[in-house]
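File shown: my_file_7.cif. Contents: mmCIF, C-alpha atoms.
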data_work
#
loop_
_atom_site.label_atom_id
_atom_site.label_comp_id
_atom_site.auth_asym_id
_atom_site.auth_seq_id
_atom_site.Cartn_x
_atom_site.Cartn_y
_atom_site.Cartn_z
CA MET A 354 -10.49 -6.12 -6.58
CA ARG A 355 -13.26 -4.26 -8.25
CA GLY A 356 -13.11 -1.71 -11.00
CA THR A 357 -14.50 1.75 -10.60
CA HIS A 358 -17.03 3.77 -12.46
CA GLN A 359 -14.57 6.38 -13.59
CA LYS A 360 -12.22 4.56 -15.84
CA PRO A 361 -9.54 6.83 -17.25
CA LYS A 362 -8.93 6.62 -20.93
CA TRP A 363 -5.41 5.16 -20.59
CA ALA A 364 -6.81 2.19 -18.67
CA THR A 365 -8.15 0.86 -21.95
CA HIS A 366 -4.86 1.26 -23.78
CA PRO A 367 -2.74 -1.81 -24.29
CA PRO A 368 0.08 -1.91 -21.76
CA PRO A 369 3.10 0.07 -22.92
CA PRO A 370 5.94 -1.99 -24.34
CA PRO A 371 8.60 -2.81 -21.76
CA PRO A 372 11.51 -0.41 -21.85
CA PRO A 373 14.50 -1.75 -23.75
CA SER A 374 16.64 -3.61 -21.29
CA SER A 375 20.19 -2.46 -21.04
CA PRO A 376 22.41 -4.38 -18.65
CA SER A 377 24.56 -1.38 -17.85
CA GLU A 378 21.50 0.60 -16.81
CA SER A 379 20.02 -2.11 -14.62
CA GLU A 380 23.29 -2.47 -12.77
CA SER A 381 23.82 1.21 -12.15
CA SER A 382 23.75 2.15 -8.50
CA GLY A 383 20.15 3.16 -8.02
CA PRO A 384 18.23 3.71 -4.84
CA LEU A 385 16.33 0.43 -5.19
CA MET A 386 17.47 -2.66 -7.07
CA PHE A 387 14.07 -4.26 -6.69
CA VAL A 388 12.01 -3.42 -9.79
CA ILE A 389 8.75 -2.74 -8.06
CA ASN A 390 6.61 -2.64 -11.22
CA ASP A 391 7.58 -6.24 -12.00
CA HIS A 392 6.00 -7.36 -8.74
CA LEU A 393 2.37 -6.39 -8.90
CA ASP A 394 1.43 -8.15 -5.65
CA VAL A 395 4.16 -6.30 -3.72
CA LEU A 396 3.17 -2.99 -5.28
CA VAL A 397 -0.44 -3.51 -4.18
CA GLU A 398 0.76 -4.29 -0.62
CA ILE A 399 2.67 -0.99 -0.57
CA LEU A 400 -0.14 1.15 -2.01
CA LYS A 401 -2.55 -0.50 0.47
CA ARG A 402 -0.56 0.94 3.35
CA MET A 403 -0.35 4.55 2.17
CA ASP A 404 -2.23 7.50 3.55
CA GLY A 405 -4.75 9.16 1.21
CA ARG A 406 -2.50 12.00 0.11
CA THR A 407 0.43 9.73 -0.75
CA LEU A 408 -1.90 7.33 -2.55
CA ALA A 409 -3.30 10.15 -4.68
CA ARG A 410 0.23 11.38 -5.47
CA SER A 411 1.25 7.84 -6.33
CA ALA A 412 -1.51 7.71 -8.94
CA CYS A 413 0.54 10.31 -10.85
CA VAL A 414 3.70 8.17 -11.00
CA CYS A 415 2.95 6.02 -14.06
CA ARG A 416 0.09 4.23 -15.82
CA LEU A 417 0.41 1.07 -13.76
CA TRP A 418 0.27 2.95 -10.45
CA ALA A 419 -2.61 5.06 -11.78
CA SER A 420 -4.69 2.01 -12.66
CA ILE A 421 -4.00 0.28 -9.32
CA SER A 422 -4.75 3.39 -7.31
CA LEU A 423 -8.23 3.46 -8.82
CA HIS A 424 -9.10 0.14 -7.20
CA ASP A 425 -11.76 0.85 -4.67
CA SER A 426 -10.54 -1.72 -2.15
CA LEU A 427 -7.50 0.48 -1.46
CA TRP A 428 -9.74 3.41 -0.57
CA GLU A 429 -12.10 1.22 1.44
CA ASN A 430 -9.09 -0.03 3.38
CA LEU A 431 -7.97 3.55 3.93
CA ILE A 432 -11.34 4.63 5.32
CA VAL A 433 -11.56 1.62 7.63
CA ARG A 434 -8.03 2.40 8.91
CA HIS A 435 -9.22 5.82 10.03
CA LEU A 436 -11.86 4.26 12.23
CA HIS A 437 -11.19 3.73 15.89
CA LEU A 438 -13.95 1.15 16.07
CA ARG A 439 -13.95 -1.70 13.62
CA PRO A 440 -17.35 -2.11 11.98
CA PRO A 441 -18.86 -5.59 12.08
CA SER A 442 -17.65 -7.21 8.88
CA ALA A 443 -21.14 -8.25 7.75
CA TYR A 444 -22.29 -4.66 8.15
CA ALA A 445 -19.31 -3.31 6.25
CA ALA A 446 -19.95 -5.84 3.48
CA SER A 447 -23.60 -4.83 3.22
CA LEU A 448 -22.57 -1.18 2.82
CA ARG A 449 -20.21 -1.95 -0.03
CA PRO A 450 -22.79 -2.13 -2.86
CA VAL A 451 -24.39 1.08 -1.61
CA VAL A 452 -21.08 2.95 -1.67
CA LEU A 453 -20.19 1.49 -5.07
CA SER A 454 -23.50 2.53 -6.58
CA MET A 455 -22.84 6.09 -5.45
CA GLY A 456 -19.42 6.38 -7.02
CA GLY A 457 -17.23 4.18 -4.85
CA TYR A 458 -14.95 4.48 -1.84
CA ARG A 459 -12.48 6.74 -3.64
CA THR A 460 -15.25 9.26 -4.19
CA LEU A 461 -16.43 8.79 -0.62
CA TYR A 462 -12.93 9.49 0.61
CA THR A 463 -12.17 12.53 -1.51
CA ALA A 464 -15.61 14.10 -1.16
CA CYS A 465 -16.65 13.35 2.39
CA VAL A 466 -14.00 11.72 4.56
CA ARG A 467 -10.85 13.67 3.69
CA PRO A 468 -12.35 17.10 4.48
CA VAL A 469 -12.95 16.05 8.09
CA LEU A 470 -9.71 14.17 8.56
CA HIS A 471 -8.09 16.74 10.79
CA ARG A 472 -9.43 14.47 13.51
CA PRO A 473 -9.87 10.70 13.34
CA LEU A 474 -13.32 9.31 12.79
CA ARG A 475 -14.44 8.18 16.23
CA SER A 476 -17.39 6.02 15.37
CA TRP A 477 -19.11 4.15 12.64
CA ASP A 478 -21.92 6.73 12.93
CA GLU A 479 -19.57 9.34 11.53
CA VAL A 480 -18.96 7.14 8.52
CA GLN A 481 -22.68 6.86 8.09
CA LEU A 482 -22.88 10.62 8.17
CA SER A 483 -20.21 10.70 5.47
CA LEU A 484 -22.29 8.24 3.49
CA SER A 485 -25.37 10.41 3.82
CA LEU A 486 -23.39 13.39 2.59
CA LEU A 487 -22.07 11.29 -0.29
CA SER A 488 -25.61 10.34 -1.29
CA VAL A 489 -26.58 14.03 -1.35
CA ASP A 490 -23.52 14.78 -3.44
CA CYS A 491 -24.19 11.84 -5.76
CA TYR A 492 -27.86 12.82 -6.21
CA GLU A 493 -26.92 16.37 -7.11
CA ARG A 494 -24.20 15.29 -9.48
CA ARG A 495 -26.68 13.09 -11.33
CA LEU A 496 -29.24 15.84 -11.61
CA ILE A 497 -26.66 18.25 -12.92
CA ALA A 498 -25.24 15.70 -15.33
CA GLY A 499 -28.75 14.79 -16.53
CA GLY A 500 -29.51 18.41 -17.23
CA GLY A 501 -32.87 18.26 -15.52
CA GLY A 502 -34.41 19.05 -12.18
CA PRO A 503 -34.16 22.07 -9.99
CA ALA A 504 -30.59 21.40 -8.87
CA SER A 505 -29.23 21.79 -12.37
CA SER A 506 -29.63 25.51 -12.18
CA SER A 507 -27.34 25.74 -9.20
CA SER A 508 -23.68 25.70 -10.06
CA SER A 509 -22.36 24.62 -6.67
CA SER A 510 -23.21 21.61 -4.60
CA SER A 511 -25.03 22.06 -1.32
CA LEU A 512 -22.10 20.21 0.24
CA SER A 513 -20.00 23.31 -0.26
CA PHE A 514 -21.06 24.27 3.26
CA LEU A 515 -18.44 21.74 4.38
CA CYS A 516 -15.78 23.72 2.55
CA ASP A 517 -16.89 26.94 4.19
CA LEU A 518 -16.90 25.26 7.57
CA ILE A 519 -13.45 23.78 7.16
CA ALA A 520 -12.06 26.93 5.58
CA SER A 521 -13.20 28.88 8.61
CA VAL A 522 -11.58 26.34 10.93
CA HIS A 523 -8.29 26.26 9.08
CA GLY A 524 -8.40 29.80 7.79
CA LYS A 525 -7.77 28.66 4.26
CA GLU A 526 -9.36 26.98 1.32
CA ALA A 527 -9.31 23.39 2.49
CA CYS A 528 -10.99 21.46 -0.25
CA GLY A 529 -11.61 21.84 -3.90
CA VAL A 530 -13.58 18.79 -4.84
CA PHE A 531 -17.10 20.14 -4.75
CA MET B 344 26.45 -23.54 10.70
CA ALA B 345 24.04 -21.17 12.28
CA SER B 346 21.55 -22.32 14.81
CA THR B 347 18.55 -20.31 15.85
CA SER B 348 17.25 -22.84 18.31
CA ASN B 349 17.32 -22.57 22.09
CA SER B 350 15.01 -25.43 22.74
CA THR B 351 15.55 -29.07 22.11
CA SER B 352 11.89 -29.96 22.11
CA SER B 353 10.83 -28.35 18.82
CA LYS B 354 11.62 -29.81 15.45
CA ILE B 355 14.56 -28.31 13.58
CA ILE B 356 14.43 -27.60 9.87
CA THR B 357 17.61 -27.37 7.84
CA LEU B 358 17.82 -24.82 5.05
CA ARG B 359 20.58 -23.94 2.61
CA SER B 360 21.06 -20.44 1.20
CA SER B 361 22.06 -19.76 -2.41
CA ASP B 362 25.70 -19.28 -1.36
CA GLY B 363 25.80 -22.66 0.32
CA GLU B 364 25.47 -21.74 3.99
CA VAL B 365 23.38 -24.15 6.05
CA PHE B 366 20.91 -22.88 8.63
CA GLU B 367 19.11 -24.79 11.34
CA VAL B 368 15.84 -23.11 12.16
CA GLU B 369 13.05 -24.04 14.54
CA GLU B 370 10.07 -25.38 12.68
CA SER B 371 7.79 -22.70 14.15
CA VAL B 372 10.02 -19.99 12.66
CA ALA B 373 10.49 -21.77 9.33
CA LEU B 374 6.75 -22.22 8.93
CA GLU B 375 6.30 -18.44 8.93
CA SER B 376 7.35 -18.83 5.31
CA ASN B 377 4.48 -20.09 3.19
CA LEU B 378 6.99 -21.28 0.60
CA ILE B 379 8.70 -23.57 3.12
CA ARG B 380 5.30 -24.64 4.49
CA ARG B 381 4.15 -25.68 1.01
CA MET B 382 7.42 -27.52 0.37
CA MET B 383 7.00 -29.45 3.61
CA GLU B 384 3.34 -30.21 2.91
CA ASP B 385 4.28 -31.51 -0.51
CA ASP B 386 6.81 -33.69 1.21
CA CYS B 387 9.64 -32.47 -0.95
CA ALA B 388 11.58 -31.31 2.08
CA ASN B 389 12.88 -34.44 3.68
CA ASN B 390 16.46 -33.35 3.87
CA ILE B 391 17.96 -29.92 3.45
CA ILE B 392 15.64 -27.36 1.89
CA PRO B 393 17.46 -25.30 -0.74
CA LEU B 394 16.65 -21.59 -1.04
CA PRO B 395 18.25 -20.72 -4.39
CA ASN B 396 17.05 -17.10 -4.33
CA VAL B 397 18.26 -16.05 -0.87
CA THR B 398 21.85 -15.34 0.18
CA ALA B 399 23.10 -16.03 3.71
CA PRO B 400 23.36 -12.37 4.89
CA ILE B 401 19.81 -11.70 3.75
CA PHE B 402 18.54 -14.92 5.30
CA TYR B 403 20.09 -13.83 8.62
CA LEU B 404 18.16 -10.57 8.32
CA VAL B 405 14.93 -12.42 7.56
CA ILE B 406 15.34 -14.67 10.63
CA GLU B 407 16.22 -11.67 12.80
CA HIS B 408 13.11 -9.79 11.72
CA CYS B 409 10.89 -12.85 12.13
CA LYS B 410 12.07 -13.01 15.74
CA LYS B 411 11.61 -9.27 16.29
CA HIS B 412 8.14 -9.55 14.84
CA ALA B 413 7.26 -12.40 17.19
CA GLU B 414 8.54 -10.35 20.16
CA MET B 415 6.57 -7.25 19.29
CA LYS B 416 3.20 -8.97 19.42
CA ASP B 417 1.01 -7.01 21.86
CA ASN B 418 3.85 -4.57 22.50
CA LYS B 419 2.95 -1.20 21.01
CA GLU B 420 6.31 0.43 21.81
CA LYS B 421 8.28 -2.30 20.06
CA LYS B 422 5.86 -2.19 17.13
CA LYS B 423 6.50 1.54 16.73
CA GLU B 424 10.24 1.04 17.03
CA LEU B 425 10.32 -1.67 14.38
CA ARG B 426 8.18 0.41 12.03
CA SER B 427 10.49 3.40 12.38
CA GLN B 428 13.60 1.38 11.51
CA GLY B 429 12.53 1.17 7.89
CA GLU B 430 13.26 4.77 7.02
CA GLU B 431 16.81 4.44 8.29
CA LEU B 432 17.40 1.27 6.26
CA LEU B 433 15.87 2.76 3.12
CA LYS B 434 18.02 5.86 3.44
CA SER B 435 21.31 4.23 4.40
CA ASP B 436 21.16 0.92 2.58
CA PRO B 437 18.45 0.68 -0.10
CA HIS B 438 20.32 -2.21 -1.66
CA THR B 439 19.83 -4.37 1.42
CA TYR B 440 16.22 -3.26 1.66
CA SER B 441 15.64 -4.40 -1.93
CA ASN B 442 17.21 -7.78 -1.24
CA LEU B 443 15.21 -8.18 1.95
CA MET B 444 11.95 -7.28 0.18
CA GLU B 445 12.75 -9.69 -2.62
CA ALA B 446 13.53 -12.50 -0.16
CA VAL B 447 10.39 -11.84 1.87
CA ASN B 448 8.34 -11.93 -1.31
CA TYR B 449 10.01 -15.14 -2.47
CA LEU B 450 9.72 -16.88 0.91
CA ASP B 451 6.14 -15.57 1.16
CA ILE B 452 6.27 -14.42 4.80
CA LYS B 453 3.13 -12.42 5.51
CA SER B 454 4.25 -10.73 8.73
CA LEU B 455 7.44 -9.44 7.13
CA MET B 456 5.65 -8.40 3.95
CA ASP B 457 3.39 -6.26 6.17
CA LEU B 458 6.46 -4.70 7.74
CA THR B 459 8.63 -4.13 4.66
CA ALA B 460 5.69 -2.82 2.59
CA GLN B 461 4.81 -0.43 5.44
CA TRP B 462 8.42 0.77 5.50
CA LEU B 463 8.30 1.74 1.84
CA ALA B 464 4.81 3.26 2.12
CA ASP B 465 6.05 5.41 5.04
CA PHE B 466 9.21 6.32 3.14
CA LEU B 467 7.25 7.59 0.13
CA LYS B 468 5.00 9.77 2.30
CA GLY B 469 4.99 13.39 1.16
CA LYS B 470 7.23 12.72 -1.84
CA SER B 471 6.41 14.03 -5.31
CA PRO B 472 5.61 11.65 -8.20
CA ARG B 473 8.87 12.73 -9.84
CA LEU B 474 10.92 11.81 -6.75
CA ILE B 475 9.06 8.50 -6.35
CA ARG B 476 9.94 7.69 -9.98
CA GLU B 477 13.60 8.53 -9.34
CA LEU B 478 13.80 6.51 -6.13
CA LEU B 479 12.13 3.42 -7.58
CA LYS B 480 13.50 3.79 -11.11
CA ILE B 481 10.08 3.95 -12.72
CA LYS B 482 9.62 5.38 -16.19
CA ASN B 483 7.01 8.08 -16.65
CA ASP B 484 4.87 6.50 -19.39
CA PHE B 485 2.06 9.07 -19.41
CA THR B 486 1.54 11.24 -22.44
CA PRO B 487 1.66 14.94 -21.48
CA GLU B 488 -2.15 15.09 -21.80
CA GLU B 489 -2.66 12.06 -19.58
CA GLU B 490 -0.26 13.42 -16.99
CA ALA B 491 -2.01 16.78 -16.94
CA GLU B 492 -5.36 15.03 -16.51
CA ILE B 493 -4.26 12.80 -13.65
CA LEU B 494 -2.48 15.67 -11.88
CA GLU B 495 -5.65 17.71 -12.13
CA ARG B 496 -7.77 14.84 -10.83
CA ASN B 497 -5.49 14.49 -7.79
CA ARG B 498 -4.79 18.16 -7.32
CA TRP B 499 -5.97 18.08 -3.69
CA ALA B 500 -3.01 15.86 -2.77
CA PHE B 501 -0.52 18.58 -3.75
CA ASP B 502 -2.05 21.54 -1.87
#

Would you mind writing the structure in this file as structure tokens?
Amino acid sequence: MRGTHQKPKWATHPPPPPPPSSPSESESSGPLMFVINDHLDVLVEILKRMDGRTLARSACVCRLWASISLHDSLWENLIVRHLHLRPPSAYAASLRPVVLSMGGYRTLYTACVRPVLHRPLRSWDEVQLSLSLLSVDCYERRLIAGGGGPASSSSSSSLSFLCDLIASVHGKEACGVF
Amino acid sequence: MASTSNSTSSKIITLRSSDGEVFEVEESVALESNLIRRMMEDDCANNIIPLPNVTAPIFYLVIEHCKKHAEMKDNKEKKKELRSQGEELLKSDPHTYSNLMEAVNYLDIKSLMDLTAQWLADFLKGKSPRLIRELLKIKNDFTPEEEAEILERNRWAFD
């Protein structure tokens, strides 16, 4: 799995010391006997199968879950699952570096795929549209972050039209990422 | 002795659970487990294969689900049915679920890992981080600042 561009500060911390083991505690009747955090491969299998909302909530469970949920392959998997048509694998692989250079699949999901998820993505063309929107978003973010260029004077992204559109469909504020 | 074979033509593998029960399983079923496959490839499985980490009741469950999984191939209804059984098991008998998950992980059975992992992923859907921690006995090791930051970053998932 690959890392992402936005590494949170706790990802660089040494792993926390294991909690003191107390036999009485480990034998208490708990919902699950299986200590999921001791089985990294199983945990990844579970997170891989979550929907976007549950995956984002899971990032808030503990440091380990937070660091795994940042892995872009989980979000790539999630986006591909929303597709009715499977993209040719070579094509999907060629897109990967492009998406990564623009902030990764997690950013693609939160910024451009999730807002239109009230219906499933019907074609690979719609993903390409999402990618185009992501590139606009990425370009603007860079200009604003760099402090130069005409876009820096504008406080909101031009992608906010998506929010307006969705808000009018759902009658509520539907996204807050822009 | 439990036999899972209906056919005399396929090879039978003999396995012994941690509590000493002996199982005769068709080779095609036994080879679903990558652990057993590796043991057979390494030729250290001439006689009875011991499974020191799996008890008989759990091994029965594993075999049962391997069969169900084989039946549901290309059958969308059955697939849905099998997927929906997880919530019931996780609610009524999380202890058995844990043992099953542990056995599936130990025996390295991909099809059942897909199923049992999907069960838990479905079960956690819509639950808060606090409830997930309680259910899975996970310690919250964030500092208050870190927790506030990660909650803010994922705010959209709580709307």

Margin query: At a cut-off of 7 Å, using all atoms listed in the file, what residues contact stretch 425-439 of chain B? Leave out same-chain residues fewer than 3 positions from it and give the result as a ChimeraX atom specification.
Written below: /A:384-386 /B:421-422,442-443,458,462,466

Only C-alpha atoms, please: the residues just picked out, written as a PDB file, keeping the file's coordinate frame.
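Produced file part_13.pdb, reproduced below:
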ATOM      1  CA  PRO A 384      18.230   3.710  -4.840  1.00  0.00           C
ATOM      2  CA  LEU A 385      16.330   0.430  -5.190  1.00  0.00           C
ATOM      3  CA  MET A 386      17.470  -2.660  -7.070  1.00  0.00           C
TER       4      MET A 386
ATOM      5  CA  LYS B 421       8.280  -2.300  20.060  1.00  0.00           C
ATOM      6  CA  LYS B 422       5.860  -2.190  17.130  1.00  0.00           C
ATOM      7  CA  ASN B 442      17.210  -7.780  -1.240  1.00  0.00           C
ATOM      8  CA  LEU B 443      15.210  -8.180   1.950  1.00  0.00           C
ATOM      9  CA  LEU B 458       6.460  -4.700   7.740  1.00  0.00           C
ATOM     10  CA  TRP B 462       8.420   0.770   5.500  1.00  0.00           C
ATOM     11  CA  PHE B 466       9.210   6.320   3.140  1.00  0.00           C
TER      12      PHE B 466
END

Checklist line | Residues of chain A within 6 Å of chain B, counting all atoms listed in the file, as a VMD selection string | finding: chain A and resid 384 to 387 399 402 to 403 406 to 407 409 413 to 415

Those same residues - C-alpha atoms - I'd like them written as a compact mmCIF listing (two decimals), keeping the file's coordinate frame.
# COMPACT_ATOMS: atom_id res chain seq x y z
CA PRO A 384 18.23 3.71 -4.84
CA LEU A 385 16.33 0.43 -5.19
CA MET A 386 17.47 -2.66 -7.07
CA PHE A 387 14.07 -4.26 -6.69
CA ILE A 399 2.67 -0.99 -0.57
CA ARG A 402 -0.56 0.94 3.35
CA MET A 403 -0.35 4.55 2.17
CA ARG A 406 -2.50 12.00 0.11
CA THR A 407 0.43 9.73 -0.75
CA ALA A 409 -3.30 10.15 -4.68
CA CYS A 413 0.54 10.31 -10.85
CA VAL A 414 3.70 8.17 -11.00
CA CYS A 415 2.95 6.02 -14.06

Checklist line | Test item: residues at most 6 Å from A:Leu427, only C-alpha atoms, excluding those fewer than 3 positions along its chain, as a PyMOL selection string | finding: chain A and resi 401+424+430

File dump, residues just selected, C-alpha atoms, as a compact mmCIF listing (two decimals), keeping the file's coordinate frame:
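The result, stored in part.txt:
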# COMPACT_ATOMS: atom_id res chain seq x y z
CA LYS A 401 -2.55 -0.50 0.47
CA HIS A 424 -9.10 0.14 -7.20
CA ASN A 430 -9.09 -0.03 3.38

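Minimum atom-to-atom distance to A:Glu429, evaluated using only C-alpha atoms, belongs to A:Leu461 out of A:Leu408, A:Leu400, A:Val451, A:Leu461.
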
Item checked: Point (4.1, -26.3, 9.9), cut-off 8 Å, counting all atoms listed in the file, residues as a PyMOL selection string -> chain B and resi 370-371+373-374+380+383

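Once the PyMOL selection byres ((chain B and resi 409) around 8) is applied to the shown structure, the selection contains Val372, Glu375, Val405, Ile406, Glu407, His408, Lys410, Lys411, His412, Ala413, Ser454 and Leu455 of chain B.
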
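From atom CA of A:Gly405 back to atom CA of A:Arg467, the distance works out to 8.0 Å.
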
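Coordinates place atom CA of B:Lys453 at a distance of 20.9 Å from atom CA of B:Thr357.
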
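For the pair atom CA of A:Asp490 and atom CA of A:Leu448, the interatomic distance is 17.2 Å.
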
Given the PyMOL selection byres ((chain B and resi 451) around 6), the residues it picks as a PDB file with C-alpha atoms, in the frame of the given file:
ATOM      1  CA  SER B 376       7.350 -18.830   5.310  1.00  0.00           C
ATOM      2  CA  ASN B 377       4.480 -20.090   3.190  1.00  0.00           C
ATOM      3  CA  LEU B 378       6.990 -21.280   0.600  1.00  0.00           C
ATOM      4  CA  VAL B 447      10.390 -11.840   1.870  1.00  0.00           C
ATOM      5  CA  ASN B 448       8.340 -11.930  -1.310  1.00  0.00           C
ATOM      6  CA  TYR B 449      10.010 -15.140  -2.470  1.00  0.00           C
ATOM      7  CA  LEU B 450       9.720 -16.880   0.910  1.00  0.00           C
ATOM      8  CA  ILE B 452       6.270 -14.420   4.800  1.00  0.00           C
TER       9      ILE B 452
END

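Nearest to B:Glu364 of all the residues B:Glu424, B:Glu488, B:Lys419, B:Ala399 is B:Ala399, based on all atoms listed in the file.
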
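The shortest atom-to-atom distance to A:Ser485, with only C-alpha atoms taken into account, belongs to A:Val452 out of A:Ser422, A:Val452, A:Pro468, A:Tyr458.
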
Notebook entry, point to check: Hey, what's within 8 Å of A:Met455 if we count all atoms listed in the file and toss same-chain stuff fewer than 2 positions away? As a PyMOL selection string, please?
Noted result: chain A and resi 451-453+457+487-488+491

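When all atoms listed in the file are used to measure the gap to A:Tyr492, the shortest distance among A:Arg410, A:Ile432, A:Gly456, A:Asn390 belongs to A:Gly456.
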
Next item on the list: Please evaluate the PyMOL selection byres ((chain B and resi 365) around 12) against the displayed coordinates and give the resulting residues as number ranges by chain.
Entry: B: 344-347, 356-364, 366-368, 390-394, 397-400, 402-403

Expected file: the selected residues, C-alpha atoms, as a PDB file, in the frame of the given file:
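And here's result-v3.pdb as it stands now:
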ATOM      1  CA  MET B 344      26.450 -23.540  10.700  1.00  0.00           C
ATOM      2  CA  ALA B 345      24.040 -21.170  12.280  1.00  0.00           C
ATOM      3  CA  SER B 346      21.550 -22.320  14.810  1.00  0.00           C
ATOM      4  CA  THR B 347      18.550 -20.310  15.850  1.00  0.00           C
ATOM      5  CA  ILE B 356      14.430 -27.600   9.870  1.00  0.00           C
ATOM      6  CA  THR B 357      17.610 -27.370   7.840  1.00  0.00           C
ATOM      7  CA  LEU B 358      17.820 -24.820   5.050  1.00  0.00           C
ATOM      8  CA  ARG B 359      20.580 -23.940   2.610  1.00  0.00           C
ATOM      9  CA  SER B 360      21.060 -20.440   1.200  1.00  0.00           C
ATOM     10  CA  SER B 361      22.060 -19.760  -2.410  1.00  0.00           C
ATOM     11  CA  ASP B 362      25.700 -19.280  -1.360  1.00  0.00           C
ATOM     12  CA  GLY B 363      25.800 -22.660   0.320  1.00  0.00           C
ATOM     13  CA  GLU B 364      25.470 -21.740   3.990  1.00  0.00           C
ATOM     14  CA  PHE B 366      20.910 -22.880   8.630  1.00  0.00           C
ATOM     15  CA  GLU B 367      19.110 -24.790  11.340  1.00  0.00           C
ATOM     16  CA  VAL B 368      15.840 -23.110  12.160  1.00  0.00           C
ATOM     17  CA  ASN B 390      16.460 -33.350   3.870  1.00  0.00           C
ATOM     18  CA  ILE B 391      17.960 -29.920   3.450  1.00  0.00           C
ATOM     19  CA  ILE B 392      15.640 -27.360   1.890  1.00  0.00           C
ATOM     20  CA  PRO B 393      17.460 -25.300  -0.740  1.00  0.00           C
ATOM     21  CA  LEU B 394      16.650 -21.590  -1.040  1.00  0.00           C
ATOM     22  CA  VAL B 397      18.260 -16.050  -0.870  1.00  0.00           C
ATOM     23  CA  THR B 398      21.850 -15.340   0.180  1.00  0.00           C
ATOM     24  CA  ALA B 399      23.100 -16.030   3.710  1.00  0.00           C
ATOM     25  CA  PRO B 400      23.360 -12.370   4.890  1.00  0.00           C
ATOM     26  CA  PHE B 402      18.540 -14.920   5.300  1.00  0.00           C
ATOM     27  CA  TYR B 403      20.090 -13.830   8.620  1.00  0.00           C
TER      28      TYR B 403
END
